[in-house]
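Trainee: Below is work-v3.tsv; it holds TSV, N, CA and C atoms.
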```tsv
chain	number	residue	atom	x	y	z
A	1	MET	N	39.84	-11.78	16.42
A	1	MET	CA	39.34	-13.04	15.95
A	1	MET	C	38.42	-12.81	14.76
A	2	ARG	N	38.62	-13.55	13.72
A	2	ARG	CA	37.86	-13.41	12.50
A	2	ARG	C	36.59	-14.26	12.55
A	3	SER	N	35.49	-13.68	12.08
A	3	SER	CA	34.23	-14.40	12.06
A	3	SER	C	34.29	-15.56	11.07
A	4	GLU	N	33.63	-16.65	11.43
A	4	GLU	CA	33.57	-17.80	10.53
A	4	GLU	C	32.62	-17.54	9.37
A	5	ASN	N	31.73	-16.60	9.51
A	5	ASN	CA	30.74	-16.29	8.47
A	5	ASN	C	31.04	-14.94	7.83
A	6	VAL	N	32.20	-14.81	7.22
A	6	VAL	CA	32.63	-13.54	6.64
A	6	VAL	C	31.62	-13.07	5.59
A	7	LEU	N	31.19	-13.97	4.72
A	7	LEU	CA	30.24	-13.60	3.68
A	7	LEU	C	28.92	-13.14	4.32
A	8	LEU	N	28.44	-13.90	5.26
A	8	LEU	CA	27.19	-13.55	5.92
A	8	LEU	C	27.32	-12.20	6.63
A	9	ASP	N	28.43	-11.98	7.31
A	9	ASP	CA	28.66	-10.71	8.00
A	9	ASP	C	28.66	-9.54	7.02
A	10	ARG	N	29.15	-9.79	5.82
A	10	ARG	CA	29.25	-8.74	4.82
A	10	ARG	C	27.91	-8.41	4.17
A	11	ILE	N	27.03	-9.40	4.03
A	11	ILE	CA	25.79	-9.15	3.30
A	11	ILE	C	24.55	-9.04	4.17
A	12	TYR	N	24.55	-9.58	5.36
A	12	TYR	CA	23.35	-9.59	6.18
A	12	TYR	C	23.25	-8.31	6.99
A	13	HIS	N	22.17	-7.58	6.75
A	13	HIS	CA	21.90	-6.35	7.48
A	13	HIS	C	20.41	-6.36	7.83
A	14	PRO	N	20.07	-6.62	9.08
A	14	PRO	CA	18.66	-6.67	9.46
A	14	PRO	C	17.95	-5.36	9.13
A	15	LEU	N	16.69	-5.47	8.75
A	15	LEU	CA	15.90	-4.29	8.44
A	15	LEU	C	15.51	-3.59	9.74
A	16	HIS	N	15.64	-2.31	9.75
A	16	HIS	CA	15.21	-1.50	10.89
A	16	HIS	C	14.23	-0.49	10.34
A	17	GLY	N	12.98	-0.75	10.55
A	17	GLY	CA	11.96	0.13	10.00
A	17	GLY	C	11.09	0.70	11.08
A	18	SER	N	10.21	1.54	10.63
A	18	SER	CA	9.23	2.10	11.54
A	18	SER	C	7.89	2.09	10.82
A	19	ARG	N	6.84	2.11	11.58
A	19	ARG	CA	5.50	2.09	11.00
A	19	ARG	C	5.04	3.52	10.78
A	20	VAL	N	4.52	3.75	9.58
A	20	VAL	CA	3.93	5.03	9.22
A	20	VAL	C	2.57	4.73	8.62
A	21	ASP	N	1.53	5.38	9.11
A	21	ASP	CA	0.20	5.23	8.52
A	21	ASP	C	0.01	6.35	7.50
A	22	TYR	N	-0.31	5.97	6.27
A	22	TYR	CA	-0.42	6.93	5.19
A	22	TYR	C	-1.86	6.96	4.69
A	23	SER	N	-2.44	8.15	4.62
A	23	SER	CA	-3.83	8.32	4.20
A	23	SER	C	-4.04	7.83	2.78
A	24	ILE	N	-5.14	7.10	2.55
A	24	ILE	CA	-5.37	6.56	1.21
A	24	ILE	C	-5.66	7.66	0.19
A	25	ARG	N	-6.07	8.84	0.64
A	25	ARG	CA	-6.34	9.89	-0.35
A	25	ARG	C	-5.07	10.53	-0.88
A	26	ASN	N	-3.93	10.19	-0.32
A	26	ASN	CA	-2.65	10.76	-0.76
A	26	ASN	C	-1.74	9.75	-1.44
A	27	LEU	N	-2.30	8.65	-1.93
A	27	LEU	CA	-1.45	7.61	-2.51
A	27	LEU	C	-0.72	8.07	-3.76
A	28	ASP	N	-1.40	8.84	-4.61
A	28	ASP	CA	-0.74	9.36	-5.82
A	28	ASP	C	0.48	10.20	-5.47
A	29	SER	N	0.32	11.09	-4.47
A	29	SER	CA	1.45	11.94	-4.09
A	29	SER	C	2.56	11.13	-3.45
A	30	MET	N	2.20	10.04	-2.75
A	30	MET	CA	3.22	9.19	-2.15
A	30	MET	C	4.09	8.53	-3.22
A	31	ILE	N	3.46	8.10	-4.30
A	31	ILE	CA	4.21	7.48	-5.39
A	31	ILE	C	5.26	8.46	-5.91
A	32	LYS	N	4.87	9.71	-6.08
A	32	LYS	CA	5.80	10.73	-6.59
A	32	LYS	C	6.84	11.13	-5.54
A	33	LEU	N	6.37	11.39	-4.33
A	33	LEU	CA	7.27	11.85	-3.26
A	33	LEU	C	8.33	10.81	-2.94
A	34	TRP	N	7.93	9.56	-2.81
A	34	TRP	CA	8.86	8.49	-2.47
A	34	TRP	C	9.51	7.86	-3.69
A	35	MET	N	9.13	8.32	-4.90
A	35	MET	CA	9.60	7.69	-6.14
A	35	MET	C	9.36	6.18	-6.02
A	36	LEU	N	8.11	5.83	-5.70
A	36	LEU	CA	7.74	4.45	-5.40
A	36	LEU	C	7.52	3.64	-6.66
A	37	ASP	N	8.25	2.55	-6.79
A	37	ASP	CA	8.11	1.63	-7.91
A	37	ASP	C	7.17	0.51	-7.48
A	38	LEU	N	6.01	0.43	-8.13
A	38	LEU	CA	5.05	-0.63	-7.81
A	38	LEU	C	5.34	-1.92	-8.56
A	39	ASP	N	6.26	-1.88	-9.51
A	39	ASP	CA	6.55	-3.05	-10.33
A	39	ASP	C	8.03	-3.40	-10.37
A	40	PRO	N	8.67	-3.60	-9.21
A	40	PRO	CA	10.07	-4.04	-9.27
A	40	PRO	C	10.15	-5.40	-9.97
A	41	GLU	N	11.31	-5.72	-10.46
A	41	GLU	CA	11.52	-6.92	-11.27
A	41	GLU	C	10.99	-8.20	-10.62
A	42	TYR	N	11.13	-8.32	-9.31
A	42	TYR	CA	10.74	-9.55	-8.61
A	42	TYR	C	9.25	-9.59	-8.27
A	43	GLN	N	8.54	-8.49	-8.44
A	43	GLN	CA	7.14	-8.40	-8.02
A	43	GLN	C	6.22	-9.04	-9.05
A	44	ARG	N	5.24	-9.81	-8.59
A	44	ARG	CA	4.28	-10.38	-9.52
A	44	ARG	C	3.38	-9.28	-10.06
A	45	SER	N	2.73	-9.58	-11.17
A	45	SER	CA	1.85	-8.58	-11.76
A	45	SER	C	0.59	-8.43	-10.92
A	46	HIS	N	-0.25	-7.50	-11.32
A	46	HIS	CA	-1.50	-7.27	-10.61
A	46	HIS	C	-2.42	-8.47	-10.85
A	47	VAL	N	-2.88	-9.12	-9.78
A	47	VAL	CA	-3.68	-10.34	-9.94
A	47	VAL	C	-5.06	-10.29	-9.29
A	48	TRP	N	-5.33	-9.32	-8.43
A	48	TRP	CA	-6.64	-9.27	-7.80
A	48	TRP	C	-7.70	-8.90	-8.83
A	49	THR	N	-8.85	-9.53	-8.71
A	49	THR	CA	-9.99	-9.18	-9.55
A	49	THR	C	-10.62	-7.89	-9.02
A	50	ARG	N	-11.49	-7.29	-9.82
A	50	ARG	CA	-12.20	-6.10	-9.36
A	50	ARG	C	-13.03	-6.41	-8.12
A	51	GLU	N	-13.63	-7.58	-8.08
A	51	GLU	CA	-14.42	-7.95	-6.90
A	51	GLU	C	-13.54	-8.02	-5.66
A	52	GLN	N	-12.36	-8.61	-5.77
A	52	GLN	CA	-11.45	-8.69	-4.62
A	52	GLN	C	-11.02	-7.29	-4.19
A	53	GLN	N	-10.73	-6.42	-5.15
A	53	GLN	CA	-10.35	-5.04	-4.82
A	53	GLN	C	-11.49	-4.33	-4.11
A	54	SER	N	-12.69	-4.47	-4.67
A	54	SER	CA	-13.86	-3.80	-4.11
A	54	SER	C	-14.13	-4.26	-2.68
A	55	LEU	N	-14.03	-5.55	-2.45
A	55	LEU	CA	-14.26	-6.09	-1.11
A	55	LEU	C	-13.17	-5.67	-0.12
A	56	PHE	N	-11.93	-5.59	-0.59
A	56	PHE	CA	-10.84	-5.16	0.29
A	56	PHE	C	-11.04	-3.71	0.73
A	57	VAL	N	-11.31	-2.84	-0.24
A	57	VAL	CA	-11.52	-1.42	0.11
A	57	VAL	C	-12.77	-1.30	0.99
A	58	GLY	N	-13.81	-2.05	0.67
A	58	GLY	CA	-15.01	-2.05	1.51
A	58	GLY	C	-14.72	-2.50	2.93
A	59	HIS	N	-13.83	-3.48	3.07
A	59	HIS	CA	-13.38	-3.94	4.39
A	59	HIS	C	-12.77	-2.77	5.17
A	60	LEU	N	-11.93	-1.99	4.51
A	60	LEU	CA	-11.32	-0.84	5.18
A	60	LEU	C	-12.37	0.22	5.52
A	61	LEU	N	-13.30	0.46	4.59
A	61	LEU	CA	-14.35	1.46	4.83
A	61	LEU	C	-15.26	1.04	5.98
A	62	SER	N	-15.40	-0.26	6.17
A	62	SER	CA	-16.26	-0.78	7.23
A	62	SER	C	-15.55	-0.84	8.59
A	63	GLY	N	-14.31	-0.36	8.62
A	63	GLY	CA	-13.57	-0.35	9.89
A	63	GLY	C	-12.55	-1.45	10.03
A	64	GLY	N	-12.38	-2.26	8.99
A	64	GLY	CA	-11.39	-3.34	9.03
A	64	GLY	C	-9.97	-2.81	8.95
A	65	GLU	N	-9.05	-3.66	9.26
A	65	GLU	CA	-7.63	-3.30	9.22
A	65	GLU	C	-6.90	-4.17	8.21
A	66	THR	N	-5.67	-3.81	7.95
A	66	THR	CA	-4.83	-4.60	7.06
A	66	THR	C	-3.42	-4.68	7.65
A	67	THR	N	-2.68	-5.65	7.18
A	67	THR	CA	-1.30	-5.77	7.66
A	67	THR	C	-0.42	-4.71	7.02
A	68	GLN	N	0.74	-4.54	7.59
A	68	GLN	CA	1.68	-3.52	7.16
A	68	GLN	C	2.21	-3.81	5.75
A	69	LEU	N	2.30	-2.77	4.93
A	69	LEU	CA	2.93	-2.87	3.62
A	69	LEU	C	4.42	-2.67	3.82
A	70	ILE	N	5.22	-3.31	3.00
A	70	ILE	CA	6.67	-3.21	3.17
A	70	ILE	C	7.27	-2.50	1.95
A	71	ILE	N	8.00	-1.45	2.25
A	71	ILE	CA	8.66	-0.63	1.23
A	71	ILE	C	10.16	-0.73	1.46
A	72	ASN	N	10.91	-0.88	0.38
A	72	ASN	CA	12.37	-0.95	0.45
A	72	ASN	C	12.96	0.34	-0.11
A	73	GLU	N	13.83	0.98	0.66
A	73	GLU	CA	14.52	2.17	0.16
A	73	GLU	C	15.82	1.75	-0.52
A	74	LEU	N	16.00	2.23	-1.74
A	74	LEU	CA	17.17	1.88	-2.55
A	74	LEU	C	18.28	2.91	-2.35
A	75	PRO	N	19.51	2.57	-2.74
A	75	PRO	CA	20.63	3.51	-2.56
A	75	PRO	C	20.42	4.87	-3.23
A	76	ASP	N	19.64	4.92	-4.33
A	76	ASP	CA	19.40	6.20	-5.01
A	76	ASP	C	18.26	7.00	-4.38
A	77	GLN	N	17.79	6.57	-3.22
A	77	GLN	CA	16.71	7.20	-2.45
A	77	GLN	C	15.32	6.94	-3.01
A	78	SER	N	15.20	6.18	-4.10
A	78	SER	CA	13.88	5.77	-4.57
A	78	SER	C	13.43	4.60	-3.71
A	79	THR	N	12.18	4.19	-3.87
A	79	THR	CA	11.65	3.09	-3.08
A	79	THR	C	10.90	2.12	-3.98
A	80	GLU	N	10.74	0.90	-3.49
A	80	GLU	CA	9.98	-0.10	-4.22
A	80	GLU	C	9.11	-0.86	-3.23
A	81	ILE	N	7.96	-1.28	-3.70
A	81	ILE	CA	7.06	-2.02	-2.84
A	81	ILE	C	7.48	-3.48	-2.83
A	82	VAL	N	7.69	-4.02	-1.64
A	82	VAL	CA	8.12	-5.41	-1.48
A	82	VAL	C	6.90	-6.29	-1.19
A	83	ASP	N	6.02	-5.83	-0.31
A	83	ASP	CA	4.82	-6.58	0.03
A	83	ASP	C	3.67	-5.61	0.18
A	84	GLY	N	2.57	-5.90	-0.50
A	84	GLY	CA	1.38	-5.06	-0.37
A	84	GLY	C	0.93	-4.44	-1.68
A	85	LYS	N	1.51	-4.86	-2.78
A	85	LYS	CA	1.16	-4.27	-4.08
A	85	LYS	C	-0.33	-4.38	-4.37
A	86	GLN	N	-0.93	-5.53	-4.12
A	86	GLN	CA	-2.35	-5.72	-4.44
A	86	GLN	C	-3.22	-4.79	-3.59
A	87	ARG	N	-2.90	-4.68	-2.30
A	87	ARG	CA	-3.67	-3.81	-1.40
A	87	ARG	C	-3.49	-2.34	-1.77
A	88	PHE	N	-2.25	-1.96	-2.03
A	88	PHE	CA	-1.95	-0.58	-2.40
A	88	PHE	C	-2.67	-0.22	-3.69
A	89	THR	N	-2.57	-1.08	-4.69
A	89	THR	CA	-3.19	-0.82	-5.99
A	89	THR	C	-4.70	-0.74	-5.88
A	90	ALA	N	-5.30	-1.60	-5.07
A	90	ALA	CA	-6.75	-1.56	-4.88
A	90	ALA	C	-7.18	-0.20	-4.34
A	91	CYS	N	-6.50	0.29	-3.33
A	91	CYS	CA	-6.85	1.59	-2.74
A	91	CYS	C	-6.62	2.72	-3.74
A	92	LEU	N	-5.51	2.67	-4.43
A	92	LEU	CA	-5.18	3.71	-5.42
A	92	LEU	C	-6.24	3.75	-6.51
A	93	GLN	N	-6.63	2.60	-7.02
A	93	GLN	CA	-7.62	2.57	-8.10
A	93	GLN	C	-9.00	2.98	-7.61
A	94	TRP	N	-9.34	2.68	-6.35
A	94	TRP	CA	-10.62	3.14	-5.80
A	94	TRP	C	-10.64	4.65	-5.69
A	95	VAL	N	-9.57	5.23	-5.17
A	95	VAL	CA	-9.49	6.70	-5.04
A	95	VAL	C	-9.54	7.35	-6.42
A	96	ASN	N	-9.04	6.66	-7.44
A	96	ASN	CA	-9.08	7.18	-8.81
A	96	ASN	C	-10.38	6.80	-9.53
A	97	ASN	N	-11.37	6.33	-8.76
A	97	ASN	CA	-12.72	6.04	-9.27
A	97	ASN	C	-12.77	5.00	-10.37
A	98	GLU	N	-11.95	3.98	-10.25
A	98	GLU	CA	-11.96	2.91	-11.24
A	98	GLU	C	-12.98	1.82	-10.90
A	99	PHE	N	-13.48	1.80	-9.67
A	99	PHE	CA	-14.50	0.84	-9.24
A	99	PHE	C	-15.08	1.31	-7.91
A	100	PRO	N	-16.30	0.83	-7.57
A	100	PRO	CA	-16.86	1.14	-6.25
A	100	PRO	C	-16.40	0.11	-5.22
A	101	ALA	N	-16.34	0.54	-3.98
A	101	ALA	CA	-16.05	-0.38	-2.88
A	101	ALA	C	-17.36	-1.02	-2.42
A	102	THR	N	-17.27	-2.25	-1.95
A	102	THR	CA	-18.43	-2.95	-1.41
A	102	THR	C	-18.19	-3.19	0.08
A	103	THR	N	-19.00	-2.55	0.92
A	103	THR	CA	-18.82	-2.65	2.37
A	103	THR	C	-19.38	-3.96	2.89
A	104	TRP	N	-19.18	-4.20	4.18
A	104	TRP	CA	-19.63	-5.44	4.83
A	104	TRP	C	-21.14	-5.63	4.71
A	105	ASN	N	-21.89	-4.51	4.70
A	105	ASN	CA	-23.35	-4.63	4.62
A	105	ASN	C	-23.86	-4.64	3.17
A	106	GLY	N	-22.92	-4.71	2.21
A	106	GLY	CA	-23.30	-4.80	0.80
A	106	GLY	C	-23.47	-3.47	0.09
A	107	GLU	N	-23.29	-2.37	0.80
A	107	GLU	CA	-23.42	-1.04	0.18
A	107	GLU	C	-22.23	-0.80	-0.74
A	108	THR	N	-22.49	-0.20	-1.90
A	108	THR	CA	-21.40	0.15	-2.81
A	108	THR	C	-21.13	1.65	-2.70
A	109	ILE	N	-19.86	1.99	-2.65
A	109	ILE	CA	-19.45	3.39	-2.47
A	109	ILE	C	-18.39	3.74	-3.50
A	110	TRP	N	-18.69	4.73	-4.31
A	110	TRP	CA	-17.71	5.30	-5.24
A	110	TRP	C	-17.01	6.45	-4.53
A	111	TYR	N	-15.72	6.55	-4.70
A	111	TYR	CA	-14.97	7.66	-4.09
A	111	TYR	C	-15.50	9.00	-4.59
A	112	LYS	N	-15.81	9.08	-5.89
A	112	LYS	CA	-16.27	10.34	-6.49
A	112	LYS	C	-17.59	10.83	-5.90
A	113	ASP	N	-18.36	9.93	-5.30
A	113	ASP	CA	-19.65	10.32	-4.72
A	113	ASP	C	-19.54	10.88	-3.31
A	114	LEU	N	-18.36	10.82	-2.74
A	114	LEU	CA	-18.16	11.36	-1.40
A	114	LEU	C	-17.96	12.87	-1.48
A	115	ASP	N	-18.55	13.60	-0.55
A	115	ASP	CA	-18.31	15.04	-0.53
A	115	ASP	C	-16.96	15.34	0.11
A	116	HIS	N	-16.55	16.59	0.07
A	116	HIS	CA	-15.23	16.98	0.57
A	116	HIS	C	-15.04	16.61	2.05
A	117	VAL	N	-16.07	16.84	2.86
A	117	VAL	CA	-15.97	16.52	4.29
A	117	VAL	C	-15.75	15.02	4.47
A	118	SER	N	-16.52	14.21	3.72
A	118	SER	CA	-16.40	12.75	3.84
A	118	SER	C	-15.02	12.27	3.40
A	119	THR	N	-14.50	12.82	2.30
A	119	THR	CA	-13.18	12.38	1.85
A	119	THR	C	-12.11	12.78	2.84
A	120	THR	N	-12.28	13.92	3.47
A	120	THR	CA	-11.31	14.34	4.50
A	120	THR	C	-11.38	13.40	5.70
A	121	ILE	N	-12.59	13.10	6.15
A	121	ILE	CA	-12.75	12.20	7.30
A	121	ILE	C	-12.21	10.82	6.95
A	122	LEU	N	-12.60	10.29	5.79
A	122	LEU	CA	-12.10	8.98	5.39
A	122	LEU	C	-10.59	8.98	5.23
A	123	GLY	N	-10.08	10.04	4.64
A	123	GLY	CA	-8.63	10.13	4.44
A	123	GLY	C	-7.86	10.10	5.74
A	124	ASN	N	-8.46	10.63	6.78
A	124	ASN	CA	-7.79	10.63	8.08
A	124	ASN	C	-8.01	9.32	8.83
A	125	ARG	N	-9.10	8.63	8.56
A	125	ARG	CA	-9.41	7.39	9.27
A	125	ARG	C	-8.89	6.15	8.57
A	126	ILE	N	-8.90	6.17	7.26
A	126	ILE	CA	-8.50	4.97	6.51
A	126	ILE	C	-7.08	5.16	6.00
A	127	THR	N	-6.21	4.37	6.56
A	127	THR	CA	-4.80	4.49	6.23
A	127	THR	C	-4.23	3.13	5.88
A	128	LEU	N	-3.13	3.16	5.16
A	128	LEU	CA	-2.38	1.94	4.89
A	128	LEU	C	-1.11	2.00	5.74
A	129	PRO	N	-0.86	0.98	6.53
A	129	PRO	CA	0.35	0.99	7.37
A	129	PRO	C	1.59	0.59	6.56
A	130	PHE	N	2.62	1.40	6.65
A	130	PHE	CA	3.91	1.12	5.99
A	130	PHE	C	4.97	0.97	7.05
```
Let me see the structure of the file written as structure tokens.
Mentor:
Amino acid sequence: MRSENVLLDRIYHPLHGSRVDYSIRNLDSMIKLWMLDLDPEYQRSHVWTREQQSLFVGHLLSGGETTQLIINELPDQSTEIVDGKQRFTACLQWVNNEFPATTWNGETIWYKDLDHVSTTILGNRITLPF
């Protein structure tokens, strides 16, 4: 018996993913390793202000959580970010010392001011869920 939705059967493939928590100190290497495209054609440009970025990273530093980022794997094995570009970019730019994070208690923290032990601890505790 032939399906009435031949087109739908041919194109619809539910996503089957798994959650991976990735340390924020390794975001640069993730871009290279996964060949991650942060600017696919359909993705809006970067719109968060520095204040929004600072507060988001501060939220994570203060123990807050974030929703899962969604990455799409393409047939050529490269990947593109579908949801989470603003969050990902904020963390990447903080780790690259482009701005300080502002925590819940108003403290500002530059990544460059953290010692090696602190960056290791933070890197293991603060992750982005994919």
Trainee: Would you compute the distance between atom C of A:Gly58 and atom CA of A:Asp113? Give it in Å to one decimal.
Mentor: 15.7 Å
Trainee: How far is it from atom CA of A:His116 to atom CA of A:Phe56, in Å with one decimal?
Mentor: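 A separation of 22.6 Å between them.
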Trainee: Kindly extract all protein, DNA and RNA residues lying within 10 Å of the coordinates (-8.1, 0.5, -3.5) given in the file, considering only C-alpha atoms, and supply them as a list in words.
Mentor: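 Those residues lying close to the given coordinates are Ile24, Leu27, Arg50, Gln52, Gln53, Ser54, Leu55, Phe56, Val57, Gly58, Leu60, Gln86, Arg87, Phe88, Thr89, Ala90, Cys91, Leu92, Gln93, Trp94, Val95, Asn96, Asn97, Glu98, Phe99, Pro100, Ala101 and Tyr111 of chain A.
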Trainee: With N, CA and C atoms retained, could you export that selection as a compact mmCIF listing (two decimals), in the frame of the given file?
Mentor:
```
# COMPACT_ATOMS: atom_id res chain seq x y z
N ILE A 24 -5.14 7.10 2.55
CA ILE A 24 -5.37 6.56 1.21
C ILE A 24 -5.66 7.66 0.19
N LEU A 27 -2.30 8.65 -1.93
CA LEU A 27 -1.45 7.61 -2.51
C LEU A 27 -0.72 8.07 -3.76
N ARG A 50 -11.49 -7.29 -9.82
CA ARG A 50 -12.20 -6.10 -9.36
C ARG A 50 -13.03 -6.41 -8.12
N GLN A 52 -12.36 -8.61 -5.77
CA GLN A 52 -11.45 -8.69 -4.62
C GLN A 52 -11.02 -7.29 -4.19
N GLN A 53 -10.73 -6.42 -5.15
CA GLN A 53 -10.35 -5.04 -4.82
C GLN A 53 -11.49 -4.33 -4.11
N SER A 54 -12.69 -4.47 -4.67
CA SER A 54 -13.86 -3.80 -4.11
C SER A 54 -14.13 -4.26 -2.68
N LEU A 55 -14.03 -5.55 -2.45
CA LEU A 55 -14.26 -6.09 -1.11
C LEU A 55 -13.17 -5.67 -0.12
N PHE A 56 -11.93 -5.59 -0.59
CA PHE A 56 -10.84 -5.16 0.29
C PHE A 56 -11.04 -3.71 0.73
N VAL A 57 -11.31 -2.84 -0.24
CA VAL A 57 -11.52 -1.42 0.11
C VAL A 57 -12.77 -1.30 0.99
N GLY A 58 -13.81 -2.05 0.67
CA GLY A 58 -15.01 -2.05 1.51
C GLY A 58 -14.72 -2.50 2.93
N LEU A 60 -11.93 -1.99 4.51
CA LEU A 60 -11.32 -0.84 5.18
C LEU A 60 -12.37 0.22 5.52
N GLN A 86 -0.93 -5.53 -4.12
CA GLN A 86 -2.35 -5.72 -4.44
C GLN A 86 -3.22 -4.79 -3.59
N ARG A 87 -2.90 -4.68 -2.30
CA ARG A 87 -3.67 -3.81 -1.40
C ARG A 87 -3.49 -2.34 -1.77
N PHE A 88 -2.25 -1.96 -2.03
CA PHE A 88 -1.95 -0.58 -2.40
C PHE A 88 -2.67 -0.22 -3.69
N THR A 89 -2.57 -1.08 -4.69
CA THR A 89 -3.19 -0.82 -5.99
C THR A 89 -4.70 -0.74 -5.88
N ALA A 90 -5.30 -1.60 -5.07
CA ALA A 90 -6.75 -1.56 -4.88
C ALA A 90 -7.18 -0.20 -4.34
N CYS A 91 -6.50 0.29 -3.33
CA CYS A 91 -6.85 1.59 -2.74
C CYS A 91 -6.62 2.72 -3.74
N LEU A 92 -5.51 2.67 -4.43
CA LEU A 92 -5.18 3.71 -5.42
C LEU A 92 -6.24 3.75 -6.51
N GLN A 93 -6.63 2.60 -7.02
CA GLN A 93 -7.62 2.57 -8.10
C GLN A 93 -9.00 2.98 -7.61
N TRP A 94 -9.34 2.68 -6.35
CA TRP A 94 -10.62 3.14 -5.80
C TRP A 94 -10.64 4.65 -5.69
N VAL A 95 -9.57 5.23 -5.17
CA VAL A 95 -9.49 6.70 -5.04
C VAL A 95 -9.54 7.35 -6.42
N ASN A 96 -9.04 6.66 -7.44
CA ASN A 96 -9.08 7.18 -8.81
C ASN A 96 -10.38 6.80 -9.53
N ASN A 97 -11.37 6.33 -8.76
CA ASN A 97 -12.72 6.04 -9.27
C ASN A 97 -12.77 5.00 -10.37
N GLU A 98 -11.95 3.98 -10.25
CA GLU A 98 -11.96 2.91 -11.24
C GLU A 98 -12.98 1.82 -10.90
N PHE A 99 -13.48 1.80 -9.67
CA PHE A 99 -14.50 0.84 -9.24
C PHE A 99 -15.08 1.31 -7.91
N PRO A 100 -16.30 0.83 -7.57
CA PRO A 100 -16.86 1.14 -6.25
C PRO A 100 -16.40 0.11 -5.22
N ALA A 101 -16.34 0.54 -3.98
CA ALA A 101 -16.05 -0.38 -2.88
C ALA A 101 -17.36 -1.02 -2.42
N TYR A 111 -15.72 6.55 -4.70
CA TYR A 111 -14.97 7.66 -4.09
C TYR A 111 -15.50 9.00 -4.59
```
Trainee: Ranking A:Thr79, A:Leu114, A:Ile109, A:Thr103 by minimum distance to A:Leu38 and counting all atoms listed in the file, which one comes first?
Mentor: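 Counting all atoms listed in the file, the residue closest to A:Leu38 is A:Thr79.
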Trainee: Please complete stretch 38-43 of chain A with all heavy atoms and give it back as a JSON list (two decimals), keeping the file's coordinate frame.
Mentor:
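Okay, this is what ended up in out00.json:
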```
[["chain", "number", "residue", "atom", "x", "y", "z"],
["A", 38, "LEU", "N", 6.01, 0.43, -8.13],
["A", 38, "LEU", "CA", 5.05, -0.63, -7.81],
["A", 38, "LEU", "C", 5.34, -1.92, -8.56],
["A", 38, "LEU", "O", 4.73, -2.95, -8.28],
["A", 38, "LEU", "CB", 3.63, -0.17, -8.16],
["A", 38, "LEU", "CG", 3.07, 0.95, -7.31],
["A", 38, "LEU", "CD1", 1.71, 1.40, -7.85],
["A", 38, "LEU", "CD2", 2.93, 0.52, -5.87],
["A", 39, "ASP", "N", 6.26, -1.88, -9.51],
["A", 39, "ASP", "CA", 6.55, -3.05, -10.33],
["A", 39, "ASP", "C", 8.03, -3.40, -10.37],
["A", 39, "ASP", "O", 8.61, -3.51, -11.45],
["A", 39, "ASP", "CB", 6.03, -2.84, -11.75],
["A", 39, "ASP", "CG", 4.53, -2.74, -11.80],
["A", 39, "ASP", "OD1", 3.88, -3.68, -11.30],
["A", 39, "ASP", "OD2", 4.00, -1.75, -12.33],
["A", 40, "PRO", "N", 8.67, -3.60, -9.21],
["A", 40, "PRO", "CA", 10.07, -4.04, -9.27],
["A", 40, "PRO", "C", 10.15, -5.40, -9.97],
["A", 40, "PRO", "O", 9.16, -6.13, -10.06],
["A", 40, "PRO", "CB", 10.51, -4.13, -7.81],
["A", 40, "PRO", "CG", 9.27, -4.10, -7.00],
["A", 40, "PRO", "CD", 8.19, -3.50, -7.84],
["A", 41, "GLU", "N", 11.31, -5.72, -10.46],
["A", 41, "GLU", "CA", 11.52, -6.92, -11.27],
["A", 41, "GLU", "C", 10.99, -8.20, -10.62],
["A", 41, "GLU", "O", 10.44, -9.08, -11.28],
["A", 41, "GLU", "CB", 13.01, -7.06, -11.55],
["A", 41, "GLU", "CG", 13.36, -8.12, -12.54],
["A", 41, "GLU", "CD", 14.84, -8.13, -12.83],
["A", 41, "GLU", "OE1", 15.37, -7.10, -13.28],
["A", 41, "GLU", "OE2", 15.47, -9.18, -12.59],
["A", 42, "TYR", "N", 11.13, -8.32, -9.31],
["A", 42, "TYR", "CA", 10.74, -9.55, -8.61],
["A", 42, "TYR", "C", 9.25, -9.59, -8.27],
["A", 42, "TYR", "O", 8.74, -10.62, -7.85],
["A", 42, "TYR", "CB", 11.55, -9.70, -7.32],
["A", 42, "TYR", "CG", 11.41, -8.50, -6.42],
["A", 42, "TYR", "CD1", 10.34, -8.36, -5.57],
["A", 42, "TYR", "CD2", 12.37, -7.48, -6.45],
["A", 42, "TYR", "CE1", 10.20, -7.25, -4.76],
["A", 42, "TYR", "CE2", 12.25, -6.37, -5.65],
["A", 42, "TYR", "CZ", 11.16, -6.26, -4.80],
["A", 42, "TYR", "OH", 11.03, -5.17, -4.02],
["A", 43, "GLN", "N", 8.54, -8.49, -8.44],
["A", 43, "GLN", "CA", 7.14, -8.40, -8.02],
["A", 43, "GLN", "C", 6.22, -9.04, -9.05],
["A", 43, "GLN", "O", 6.38, -8.83, -10.25],
["A", 43, "GLN", "CB", 6.78, -6.92, -7.84],
["A", 43, "GLN", "CG", 5.42, -6.62, -7.26],
["A", 43, "GLN", "CD", 5.24, -7.08, -5.85],
["A", 43, "GLN", "OE1", 4.66, -8.14, -5.64],
["A", 43, "GLN", "NE2", 5.72, -6.33, -4.88]]
```
